[in-house]
$ cat coords.tsv   # TSV, C-alpha atoms
chain	number	residue	atom	x	y	z
F	1	MET	CA	-14.55	-16.60	19.03
F	2	VAL	CA	-13.72	-13.06	20.21
F	3	ARG	CA	-15.77	-11.96	23.22
F	4	ARG	CA	-16.47	-8.40	24.32
F	5	ALA	CA	-18.83	-7.38	27.11
F	6	GLY	CA	-20.57	-10.74	26.96
F	7	GLN	CA	-21.02	-10.54	23.19
F	8	SER	CA	-19.58	-13.15	20.83
F	9	VAL	CA	-18.15	-12.02	17.51
F	10	ARG	CA	-17.46	-14.73	14.94
F	11	ASN	CA	-13.95	-14.63	13.49
F	12	THR	CA	-13.87	-14.88	9.68
F	13	ASP	CA	-10.94	-16.04	7.60
F	14	THR	CA	-10.30	-12.37	6.79
F	15	ILE	CA	-9.87	-11.48	10.47
F	16	ARG	CA	-7.59	-14.43	11.08
F	17	ARG	CA	-5.42	-13.39	8.16
F	18	ALA	CA	-5.38	-9.82	9.44
F	19	MET	CA	-4.23	-10.87	12.89
F	20	GLN	CA	-1.43	-13.17	11.73
F	21	SER	CA	2.14	-11.97	12.12
F	22	PRO	CA	3.56	-10.97	8.71
F	23	THR	CA	6.77	-12.82	9.58
F	24	ALA	CA	5.19	-16.00	10.91
F	25	GLN	CA	5.55	-18.06	7.77
F	26	SER	CA	7.65	-15.84	5.48
F	27	PRO	CA	11.40	-16.50	5.40
F	28	ILE	CA	13.67	-13.50	5.06
F	29	PRO	CA	14.54	-13.27	1.36
F	30	ARG	CA	18.17	-13.30	0.21
F	31	VAL	CA	19.03	-10.47	-2.13
F	32	SER	CA	20.61	-11.65	-5.38
F	33	ILE	CA	23.29	-9.70	-7.24
F	34	PRO	CA	20.85	-8.56	-9.99
F	35	ASP	CA	18.43	-7.44	-7.25
F	36	HIS	CA	21.20	-5.45	-5.60
F	37	VAL	CA	22.18	-3.80	-8.89
F	38	PHE	CA	18.52	-3.03	-9.59
F	39	ALA	CA	18.09	-1.46	-6.14
F	40	ARG	CA	21.20	0.71	-6.53
F	41	LEU	CA	20.18	2.01	-9.96
F	42	ARG	CA	16.58	2.46	-8.93
F	43	GLU	CA	17.51	4.61	-5.94
F	44	ALA	CA	19.92	6.63	-8.07
F	45	ILE	CA	17.06	7.40	-10.48
F	46	LEU	CA	14.34	8.08	-7.92
F	47	SER	CA	16.63	10.25	-5.80
F	48	GLY	CA	17.51	12.42	-8.81
F	49	HIS	CA	21.17	11.37	-9.08
F	50	TYR	CA	20.31	10.47	-12.68
F	51	ARG	CA	17.89	13.07	-14.01
F	52	PRO	CA	15.15	12.62	-16.64
F	53	GLY	CA	16.62	12.53	-20.13
F	54	GLU	CA	20.11	11.80	-18.87
F	55	ARG	CA	22.04	8.86	-20.28
F	56	LEU	CA	23.07	6.07	-17.97
F	57	PRO	CA	26.70	5.02	-18.21
F	58	PRO	CA	27.34	2.14	-20.65
F	59	GLN	CA	26.57	-1.31	-19.31
F	60	ARG	CA	30.25	-2.23	-19.20
F	61	ALA	CA	31.02	0.87	-17.12
F	62	LEU	CA	28.13	0.16	-14.74
F	63	ALA	CA	29.32	-3.42	-14.31
F	64	ALA	CA	32.84	-2.26	-13.51
F	65	ASP	CA	31.63	0.44	-11.13
F	66	LEU	CA	29.39	-1.97	-9.22
F	67	GLY	CA	31.79	-4.87	-9.34
F	68	VAL	CA	29.35	-7.24	-11.06
F	69	ASN	CA	29.07	-9.00	-14.40
F	70	MET	CA	27.26	-7.70	-17.47
F	71	ALA	CA	24.42	-10.20	-17.09
F	72	SER	CA	23.48	-8.71	-13.71
F	73	VAL	CA	23.43	-5.21	-15.19
F	74	ARG	CA	21.28	-6.31	-18.13
F	75	ALA	CA	18.82	-8.02	-15.77
F	76	ALA	CA	18.59	-4.89	-13.63
F	77	LEU	CA	18.05	-2.64	-16.64
F	78	ALA	CA	15.29	-4.92	-17.91
F	79	ARG	CA	13.43	-4.49	-14.61
F	80	LEU	CA	13.92	-0.73	-14.68
F	81	GLU	CA	12.52	-0.68	-18.20
F	82	GLN	CA	9.47	-2.69	-17.11
F	83	LEU	CA	8.81	-0.08	-14.42
F	84	ARG	CA	9.20	2.67	-17.04
F	85	LEU	CA	12.08	4.24	-15.17
F	86	VAL	CA	14.42	3.99	-18.16
F	87	GLU	CA	14.15	3.64	-21.92
F	88	VAL	CA	16.46	1.06	-23.44
F	89	ARG	CA	17.19	1.54	-27.14
F	90	HIS	CA	19.24	-1.14	-28.82
F	91	GLY	CA	22.32	0.40	-30.35
F	92	ASP	CA	21.83	3.61	-28.37
F	93	ALA	CA	22.30	4.76	-24.79
F	94	THR	CA	19.85	3.91	-22.01
F	95	ARG	CA	18.04	7.10	-21.02
F	96	VAL	CA	16.36	7.93	-17.74
F	97	LEU	CA	12.62	8.64	-17.91
F	98	ASP	CA	10.72	11.07	-15.69
F	99	TRP	CA	9.14	8.53	-13.33
F	100	ARG	CA	6.53	11.08	-12.22
F	101	ARG	CA	5.22	11.12	-15.80
F	102	SER	CA	5.96	7.60	-17.00
F	103	GLY	CA	5.84	5.46	-13.87
F	104	GLY	CA	3.03	3.87	-11.91
F	105	LEU	CA	2.34	3.28	-8.24
F	106	GLU	CA	5.17	0.74	-8.31
F	107	ALA	CA	7.58	3.67	-8.32
F	108	LEU	CA	6.32	4.70	-4.87
F	109	VAL	CA	6.34	1.09	-3.70
F	110	LEU	CA	10.02	0.80	-4.54
F	111	HIS	CA	11.02	4.23	-3.27
F	112	GLY	CA	11.75	3.48	0.37
F	113	ASP	CA	12.43	7.09	1.43
F	114	VAL	CA	9.68	9.25	-0.02
F	115	GLU	CA	9.64	12.99	0.54
F	116	GLY	CA	7.01	14.74	2.64
F	117	SER	CA	5.02	16.03	-0.33
F	118	VAL	CA	4.69	12.49	-1.70
F	119	VAL	CA	3.43	11.23	1.68
F	120	ARG	CA	0.89	14.06	1.67
F	121	ASP	CA	-0.26	13.16	-1.83
F	122	LEU	CA	-0.45	9.48	-0.93
F	123	PHE	CA	-2.78	10.06	2.01
F	124	GLU	CA	-4.85	12.61	0.13
F	125	ALA	CA	-5.43	10.03	-2.61
F	126	ARG	CA	-6.16	7.38	0.03
F	127	ARG	CA	-8.85	9.54	1.62
F	128	LEU	CA	-10.53	10.29	-1.70
F	129	LEU	CA	-10.42	6.68	-2.90
F	130	LEU	CA	-11.83	5.32	0.35
F	131	GLY	CA	-14.61	7.90	0.36
F	132	GLU	CA	-15.78	6.93	-3.11
F	133	ALA	CA	-15.36	3.25	-2.30
F	134	ALA	CA	-17.61	3.68	0.74
F	135	ARG	CA	-20.32	5.34	-1.39
F	136	LEU	CA	-20.23	2.49	-3.88
F	137	ALA	CA	-20.04	-0.21	-1.21
F	138	ALA	CA	-23.22	1.06	0.41
F	139	THR	CA	-25.16	0.20	-2.75
F	140	ARG	CA	-23.21	-2.81	-4.01
F	141	ARG	CA	-22.12	-4.78	-0.95
F	142	SER	CA	-23.41	-8.27	-0.27
F	143	GLN	CA	-24.77	-9.27	3.12
F	144	GLU	CA	-21.59	-11.25	3.74
F	145	GLN	CA	-19.43	-8.23	2.93
F	146	ALA	CA	-21.48	-6.01	5.23
F	147	ALA	CA	-21.07	-8.50	8.06
F	148	SER	CA	-17.34	-8.80	7.39
F	149	LEU	CA	-16.88	-5.03	7.68
F	150	LEU	CA	-18.57	-5.02	11.07
F	151	GLU	CA	-16.32	-7.84	12.27
F	152	LEU	CA	-13.20	-6.12	10.98
F	153	ALA	CA	-14.20	-2.89	12.71
F	154	ASP	CA	-14.36	-4.92	15.93
F	155	ALA	CA	-10.96	-6.44	15.14
F	156	VAL	CA	-9.36	-3.00	14.99
F	157	ALA	CA	-10.96	-1.97	18.28
F	158	LEU	CA	-9.85	-5.18	20.01
F	159	ALA	CA	-6.29	-5.29	18.65
F	160	GLY	CA	-3.81	-5.13	21.50
F	161	GLU	CA	-0.60	-4.40	19.62
F	162	ASP	CA	0.12	-1.91	16.86
F	163	GLY	CA	1.11	-4.70	14.47
F	164	ALA	CA	-2.19	-6.49	14.84
F	165	ALA	CA	-4.08	-3.19	14.60
F	166	LEU	CA	-2.26	-2.25	11.39
F	167	LEU	CA	-3.14	-5.56	9.77
F	168	ALA	CA	-6.76	-5.27	10.89
F	169	ASP	CA	-6.89	-1.69	9.56
F	170	TRP	CA	-5.55	-2.89	6.20
F	171	ALA	CA	-8.03	-5.79	6.09
F	172	PHE	CA	-10.89	-3.34	6.79
F	173	MET	CA	-9.85	-1.01	3.97
F	174	VAL	CA	-9.40	-3.91	1.54
F	175	ALA	CA	-12.83	-5.30	2.45
F	176	LEU	CA	-14.38	-1.87	1.91
F	177	VAL	CA	-12.81	-1.52	-1.54
F	178	GLU	CA	-13.81	-5.06	-2.50
F	179	ALA	CA	-17.38	-4.33	-1.44
F	180	ALA	CA	-17.35	-1.30	-3.77
F	181	GLY	CA	-17.06	-3.68	-6.72
F	182	ASN	CA	-14.70	-1.45	-8.69
F	183	LEU	CA	-11.87	-3.40	-10.33
F	184	VAL	CA	-9.61	-0.37	-10.81
F	185	PHE	CA	-9.91	0.52	-7.12
F	186	GLN	CA	-8.93	-3.05	-6.25
F	187	LEU	CA	-5.89	-2.95	-8.52
F	188	ILE	CA	-4.78	0.31	-6.92
F	189	MET	CA	-5.06	-1.34	-3.51
F	190	ASN	CA	-2.97	-4.25	-4.77
F	191	SER	CA	-0.16	-1.83	-5.61
F	192	VAL	CA	-0.51	0.03	-2.31
F	193	ARG	CA	-0.32	-3.29	-0.44
F	194	GLU	CA	3.27	-3.73	-1.67
F	195	LEU	CA	4.14	-0.35	-0.17
F	196	TYR	CA	2.21	-0.84	3.06
F	197	LEU	CA	2.66	-4.37	4.39
F	198	PRO	CA	6.46	-4.78	4.02
F	199	HIS	CA	6.96	-1.42	5.78
F	200	ALA	CA	4.08	-1.64	8.25
F	201	ASP	CA	6.18	-0.35	11.16
F	202	ALA	CA	6.61	2.96	9.34
F	203	PHE	CA	2.82	3.39	9.37
F	204	ALA	CA	2.29	2.79	13.09
F	205	ALA	CA	0.88	6.32	13.45
F	206	LEU	CA	-2.20	5.17	11.52
F	207	VAL	CA	-3.40	3.22	14.54
F	208	ALA	CA	-1.70	5.12	17.36
F	209	ASN	CA	-5.02	6.68	18.43
F	210	ARG	CA	-7.18	3.69	17.58
F	211	ALA	CA	-9.19	3.96	20.81
F	212	GLU	CA	-10.43	7.36	19.60
F	213	LEU	CA	-10.74	6.33	15.95
F	214	ALA	CA	-12.42	2.94	16.51
F	215	PRO	CA	-15.95	4.42	16.39
F	216	LEU	CA	-15.26	5.70	12.86
F	217	TYR	CA	-14.58	2.15	11.63
F	218	ALA	CA	-17.83	1.04	13.25
F	219	ARG	CA	-19.78	3.97	11.80
F	220	THR	CA	-18.42	3.27	8.33
F	221	ALA	CA	-19.36	-0.40	8.53
F	222	ALA	CA	-22.80	0.34	9.92
F	223	ALA	CA	-23.53	2.93	7.22
F	224	VAL	CA	-22.41	0.56	4.46
F	225	GLY	CA	-24.67	-2.11	5.92
F	226	ALA	CA	-27.58	0.34	6.06
F	227	GLY	CA	-27.04	1.43	2.46
F	228	ASP	CA	-26.26	5.04	3.45
F	229	GLY	CA	-23.46	6.00	1.07
F	230	GLU	CA	-23.05	9.58	2.24
F	231	ALA	CA	-22.78	8.61	5.90
F	232	ALA	CA	-20.31	5.86	5.03
F	233	ALA	CA	-18.19	8.26	2.98
F	234	ALA	CA	-18.24	10.90	5.72
F	235	ALA	CA	-17.11	8.41	8.36
F	236	ILE	CA	-14.30	6.84	6.34
F	237	GLU	CA	-13.06	10.22	5.09
F	238	ALA	CA	-12.95	11.50	8.68
F	239	LEU	CA	-10.99	8.40	9.67
F	240	ALA	CA	-8.59	8.69	6.73
F	241	ALA	CA	-8.07	12.42	7.33
F	242	ALA	CA	-7.23	11.82	11.01
F	243	GLN	CA	-4.84	9.03	10.08
F	244	GLY	CA	-3.21	11.15	7.41
F	245	ALA	CA	-2.70	14.01	9.86
F	246	GLY	CA	-0.98	11.61	12.21
F	247	MET	CA	1.43	10.54	9.48
F	248	LEU	CA	2.45	14.06	8.40

$ encode --input "coords.tsv" --output "structure tokens"
Amino acid sequence: MVRRAGQSVRNTDTIRRAMQSPTAQSPIPRVSIPDHVFARLREAILSGHYRPGERLPPQRALAADLGVNMASVRAALARLEQLRLVEVRHGDATRVLDWRRSGGLEALVLHGDVEGSVVRDLFEARRLLLGEAARLAATRRSQEQAASLLELADAVALAGEDGAALLADWAFMVALVEAAGNLVFQLIMNSVRELYLPHADAFAALVANRAELAPLYARTAAAVGAGDGEAAAAAIEALAAAQGAGML
């Protein structure tokens, strides 16, 4: 139980998951040679070293340049093709695609050093998505989901460290999107999760002013519970806008 001013707040499984350390049970992965080759080529494409329409060097030349075998290069190219970063034509050269036109959110997930305009676009999209999710959640949420949002709003307010606050913030946003009952919104959040959680420290500014922003979580949750979509959207958009400003 979490107690505040004599009031007991029941911890749900969602809150417990939110408060767990992301490194508590996850061993540090070892990077394989194909993973390393993939990362090198991916960064070369996303950074513009290889431009859209340009041919990649032949596989044999890439293997020699990177000091790896051909199998590692082929495995890396297959992953790049899955992400629509390159087009592999048998019997022809591998060409670089324009990832801004052909790629998905995975391109941002894998691009560790995004430029300022991309960060701006990311948080603009976040604000708009959360606003619409709040409107939908106000009319579609279950009683359990409404209660969970209130508890998660408390979890953010009570979080002592930035790490715990970031996880509670993420759990709140996920719960809000799930309550909206829109599958596409949920799938977008799944992709964003892969960008957010492994690099949570880079997003510490989201919760830096959580004492001031905590009422906006509570207002969002209360409005969703009351079925007031416009009030819920206004509160979450104000929260997302303040967080975005802190990140830029």

$ closest_residue --input "coords.tsv" --among "F:Ile33, F:Ala180, F:Ile236, F:Met189" --to "Asn69 in chain F" --atoms "all atoms listed in the file"
F:Ile33

$ atom_distance --input "coords.tsv" --atom1 "CA of Pro215 in chain F" --atom2 "CA of Glu178 in chain F"
21.2 Å

$ atom_distance --input "coords.tsv" --atom1 "CA of Ala218 in chain F" --atom2 "CA of Val118 in chain F"
29.4 Å

$ residues_around --input "coords.tsv" --residues "Arg42 in chain F" --least-positions-apart "4" --cutoff "8 Å" --atoms "all atoms listed in the file" --output "number ranges by chain"
F: 38, 46, 80, 85

$ atom_distance --input "coords.tsv" --atom1 "CA of Gly131 in chain F" --atom2 "CA of Leu176 in chain F"
9.9 Å

$ closest_residue --input "coords.tsv" --among "F:Leu56, F:Leu216, F:Leu66, F:Ala155" --to "Glu87 in chain F" --atoms "all atoms listed in the file"
F:Leu56

$ closest_residue --input "coords.tsv" --among "F:Val73, F:Val156, F:Val224, F:Val88" --to "Gly53 in chain F" --atoms "only C-alpha atoms"
F:Val88

$ residues_around --input "coords.tsv" --residues "Asp35 in chain F" --least-positions-apart "5" --cutoff "9 Å" --atoms "all atoms listed in the file" --output "ChimeraX atom specification"
/F:40,72,75-76

$ closest_residue --input "coords.tsv" --among "F:Gly225, F:Gly181, F:Tyr217, F:Leu62" --to "Ala133 in chain F" --atoms "all atoms listed in the file"
F:Gly181

$ closest_residue --input "coords.tsv" --among "F:Ala245, F:Ala222, F:Ala64, F:Leu77" --to "Ala39 in chain F" --atoms "all atoms listed in the file"
F:Leu77
